[in-house]
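Asker: Handing you a structure now.
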Amino acid sequence: MFNLKLYFAKSIRDFINQREKKECIKNIFFKKIDNNYFDLPREQQLKRLVKILEEQGFKIKK
């Protein structure tokens, strides 16, 4: 019914590497967000996420 996979990792990089090896999928979206990101208003958070997604090659419909 559920396909649950567990990963035991010491860091986020370790987690990503384990996941890429087990699932044979390249992680294309891993960009660090500023520490003050969560202190920003919602509109500015969305603008930053849209900008990051566009840099990654995604096309956003408005």
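Here's how to read the names in the structure tokens: chain A, B, ... by the order shown, residue numbers from 1 in each chain, ligand numbers from 1 in the order shown.
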Set the distance at 12 Å and use only C-alpha atoms: which residues neighbour Gly57 in chain A once local chain neighbours fewer than 5 positions away are removed? I'd like the list as a PDB file with N, CA and C atoms, in the first residue's frame.
Answerer:
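Result went into around.pdb, see below:
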```pdb
ATOM      1  N   ILE A  28      18.076  17.508  -8.818  1.00  0.00           N
ATOM      2  CA  ILE A  28      18.335  18.723  -9.581  1.00  0.00           C
ATOM      3  C   ILE A  28      17.976  19.984  -8.810  1.00  0.00           C
ATOM      4  N   PHE A  29      17.302  19.840  -7.692  1.00  0.00           N
ATOM      5  CA  PHE A  29      16.883  21.018  -6.955  1.00  0.00           C
ATOM      6  C   PHE A  29      17.427  20.966  -5.536  1.00  0.00           C
ATOM      7  N   VAL A  50      10.298  31.478  -6.706  1.00  0.00           N
ATOM      8  CA  VAL A  50      10.076  31.532  -8.150  1.00  0.00           C
ATOM      9  C   VAL A  50      11.396  31.813  -8.863  1.00  0.00           C
ATOM     10  N   LYS A  51      12.174  32.735  -8.335  1.00  0.00           N
ATOM     11  CA  LYS A  51      13.466  33.070  -8.935  1.00  0.00           C
ATOM     12  C   LYS A  51      14.396  31.857  -8.950  1.00  0.00           C
ATOM     13  N   ILE A  52      14.443  31.122  -7.839  1.00  0.00           N
ATOM     14  CA  ILE A  52      15.292  29.930  -7.752  1.00  0.00           C
ATOM     15  C   ILE A  52      14.812  28.860  -8.728  1.00  0.00           C
TER      16      ILE A  52
END
```
Asker: Would you list, as a ChimeraX atom specification, the residues of range 2-58 of chain A that end up in helix (DSSP H, G or I) under DSSP run on this structure's backbone?
Answerer: /A:12-23,35-39,42-55
Asker: Could the residues in this selection be written to a file with N, CA and C atoms, as a PDB file, in the first residue's frame?
Answerer:
```pdb
ATOM      1  N   ILE A  12      22.771  16.489   5.397  1.00  0.00           N
ATOM      2  CA  ILE A  12      21.877  16.605   4.247  1.00  0.00           C
ATOM      3  C   ILE A  12      22.576  16.094   2.987  1.00  0.00           C
ATOM      4  N   ARG A  13      23.864  16.344   2.874  1.00  0.00           N
ATOM      5  CA  ARG A  13      24.625  15.847   1.713  1.00  0.00           C
ATOM      6  C   ARG A  13      24.648  14.321   1.697  1.00  0.00           C
ATOM      7  N   ASP A  14      24.833  13.729   2.844  1.00  0.00           N
ATOM      8  CA  ASP A  14      24.832  12.270   2.959  1.00  0.00           C
ATOM      9  C   ASP A  14      23.472  11.711   2.546  1.00  0.00           C
ATOM     10  N   PHE A  15      22.405  12.344   2.995  1.00  0.00           N
ATOM     11  CA  PHE A  15      21.053  11.935   2.628  1.00  0.00           C
ATOM     12  C   PHE A  15      20.854  11.997   1.118  1.00  0.00           C
ATOM     13  N   ILE A  16      21.279  13.095   0.506  1.00  0.00           N
ATOM     14  CA  ILE A  16      21.102  13.267  -0.942  1.00  0.00           C
ATOM     15  C   ILE A  16      21.893  12.210  -1.700  1.00  0.00           C
ATOM     16  N   ASN A  17      23.121  11.968  -1.290  1.00  0.00           N
ATOM     17  CA  ASN A  17      23.941  10.962  -1.966  1.00  0.00           C
ATOM     18  C   ASN A  17      23.334   9.572  -1.853  1.00  0.00           C
ATOM     19  N   GLN A  18      22.837   9.208  -0.672  1.00  0.00           N
ATOM     20  CA  GLN A  18      22.200   7.898  -0.483  1.00  0.00           C
ATOM     21  C   GLN A  18      20.963   7.772  -1.369  1.00  0.00           C
ATOM     22  N   ARG A  19      20.172   8.821  -1.407  1.00  0.00           N
ATOM     23  CA  ARG A  19      18.939   8.781  -2.190  1.00  0.00           C
ATOM     24  C   ARG A  19      19.246   8.674  -3.681  1.00  0.00           C
ATOM     25  N   GLU A  20      20.250   9.407  -4.154  1.00  0.00           N
ATOM     26  CA  GLU A  20      20.619   9.338  -5.565  1.00  0.00           C
ATOM     27  C   GLU A  20      21.109   7.937  -5.940  1.00  0.00           C
ATOM     28  N   LYS A  21      21.858   7.301  -5.046  1.00  0.00           N
ATOM     29  CA  LYS A  21      22.357   5.956  -5.336  1.00  0.00           C
ATOM     30  C   LYS A  21      21.235   4.927  -5.340  1.00  0.00           C
ATOM     31  N   LYS A  22      20.349   4.973  -4.345  1.00  0.00           N
ATOM     32  CA  LYS A  22      19.296   3.964  -4.229  1.00  0.00           C
ATOM     33  C   LYS A  22      18.230   4.107  -5.306  1.00  0.00           C
ATOM     34  N   GLU A  23      17.867   5.343  -5.649  1.00  0.00           N
ATOM     35  CA  GLU A  23      16.770   5.560  -6.588  1.00  0.00           C
ATOM     36  C   GLU A  23      17.244   5.856  -7.999  1.00  0.00           C
ATOM     37  N   ASN A  35      19.301  32.291   5.576  1.00  0.00           N
ATOM     38  CA  ASN A  35      18.844  32.046   6.942  1.00  0.00           C
ATOM     39  C   ASN A  35      17.649  32.914   7.307  1.00  0.00           C
ATOM     40  N   ASN A  36      17.584  34.114   6.737  1.00  0.00           N
ATOM     41  CA  ASN A  36      16.488  35.022   7.078  1.00  0.00           C
ATOM     42  C   ASN A  36      15.260  34.807   6.195  1.00  0.00           C
ATOM     43  N   TYR A  37      15.260  33.766   5.394  1.00  0.00           N
ATOM     44  CA  TYR A  37      14.148  33.493   4.473  1.00  0.00           C
ATOM     45  C   TYR A  37      12.813  33.394   5.206  1.00  0.00           C
ATOM     46  N   PHE A  38      12.783  32.709   6.325  1.00  0.00           N
ATOM     47  CA  PHE A  38      11.527  32.487   7.037  1.00  0.00           C
ATOM     48  C   PHE A  38      11.062  33.714   7.809  1.00  0.00           C
ATOM     49  N   ASP A  39      11.918  34.713   7.932  1.00  0.00           N
ATOM     50  CA  ASP A  39      11.526  35.961   8.583  1.00  0.00           C
ATOM     51  C   ASP A  39      10.866  36.928   7.605  1.00  0.00           C
ATOM     52  N   ARG A  42       5.359  36.588   3.259  1.00  0.00           N
ATOM     53  CA  ARG A  42       5.024  35.501   2.340  1.00  0.00           C
ATOM     54  C   ARG A  42       5.275  35.876   0.877  1.00  0.00           C
ATOM     55  N   GLU A  43       4.939  37.090   0.481  1.00  0.00           N
ATOM     56  CA  GLU A  43       5.120  37.506  -0.908  1.00  0.00           C
ATOM     57  C   GLU A  43       6.587  37.464  -1.324  1.00  0.00           C
ATOM     58  N   GLN A  44       7.458  37.941  -0.452  1.00  0.00           N
ATOM     59  CA  GLN A  44       8.884  37.930  -0.767  1.00  0.00           C
ATOM     60  C   GLN A  44       9.432  36.501  -0.792  1.00  0.00           C
ATOM     61  N   GLN A  45       8.913  35.638   0.075  1.00  0.00           N
ATOM     62  CA  GLN A  45       9.321  34.236   0.057  1.00  0.00           C
ATOM     63  C   GLN A  45       8.965  33.609  -1.293  1.00  0.00           C
ATOM     64  N   LEU A  46       7.740  33.865  -1.765  1.00  0.00           N
ATOM     65  CA  LEU A  46       7.302  33.313  -3.045  1.00  0.00           C
ATOM     66  C   LEU A  46       8.155  33.835  -4.196  1.00  0.00           C
ATOM     67  N   LYS A  47       8.485  35.129  -4.169  1.00  0.00           N
ATOM     68  CA  LYS A  47       9.313  35.709  -5.234  1.00  0.00           C
ATOM     69  C   LYS A  47      10.682  35.038  -5.271  1.00  0.00           C
ATOM     70  N   ARG A  48      11.265  34.792  -4.105  1.00  0.00           N
ATOM     71  CA  ARG A  48      12.578  34.129  -4.055  1.00  0.00           C
ATOM     72  C   ARG A  48      12.496  32.700  -4.574  1.00  0.00           C
ATOM     73  N   LEU A  49      11.436  31.978  -4.183  1.00  0.00           N
ATOM     74  CA  LEU A  49      11.282  30.599  -4.659  1.00  0.00           C
ATOM     75  C   LEU A  49      11.093  30.555  -6.168  1.00  0.00           C
ATOM     76  N   VAL A  50      10.298  31.478  -6.706  1.00  0.00           N
ATOM     77  CA  VAL A  50      10.076  31.532  -8.150  1.00  0.00           C
ATOM     78  C   VAL A  50      11.396  31.813  -8.863  1.00  0.00           C
ATOM     79  N   LYS A  51      12.174  32.735  -8.335  1.00  0.00           N
ATOM     80  CA  LYS A  51      13.466  33.070  -8.935  1.00  0.00           C
ATOM     81  C   LYS A  51      14.396  31.857  -8.950  1.00  0.00           C
ATOM     82  N   ILE A  52      14.443  31.122  -7.839  1.00  0.00           N
ATOM     83  CA  ILE A  52      15.292  29.930  -7.752  1.00  0.00           C
ATOM     84  C   ILE A  52      14.812  28.860  -8.728  1.00  0.00           C
ATOM     85  N   LEU A  53      13.506  28.660  -8.806  1.00  0.00           N
ATOM     86  CA  LEU A  53      12.971  27.662  -9.734  1.00  0.00           C
ATOM     87  C   LEU A  53      13.288  28.023 -11.180  1.00  0.00           C
ATOM     88  N   GLU A  54      13.179  29.301 -11.525  1.00  0.00           N
ATOM     89  CA  GLU A  54      13.490  29.726 -12.889  1.00  0.00           C
ATOM     90  C   GLU A  54      14.966  29.521 -13.201  1.00  0.00           C
ATOM     91  N   GLU A  55      15.839  29.738 -12.218  1.00  0.00           N
ATOM     92  CA  GLU A  55      17.265  29.489 -12.414  1.00  0.00           C
ATOM     93  C   GLU A  55      17.537  28.013 -12.663  1.00  0.00           C
TER      94      GLU A  55
END
```
Asker: Counting only C-alpha atoms, which residue out of A:Lys62, A:Lys5, A:Lys10, A:Gln56 sits closest to Asn27 in chain A?
Answerer: A:Gln56
Asker: Could you tell me how far CA of Ser11 in chain A lies from CA of Ile25 in chain A, in Å and to one decimal?
Answerer: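 Straight-line distance from CA of Ser11 in chain A to CA of Ile25 in chain A works out to 18.8 Å.
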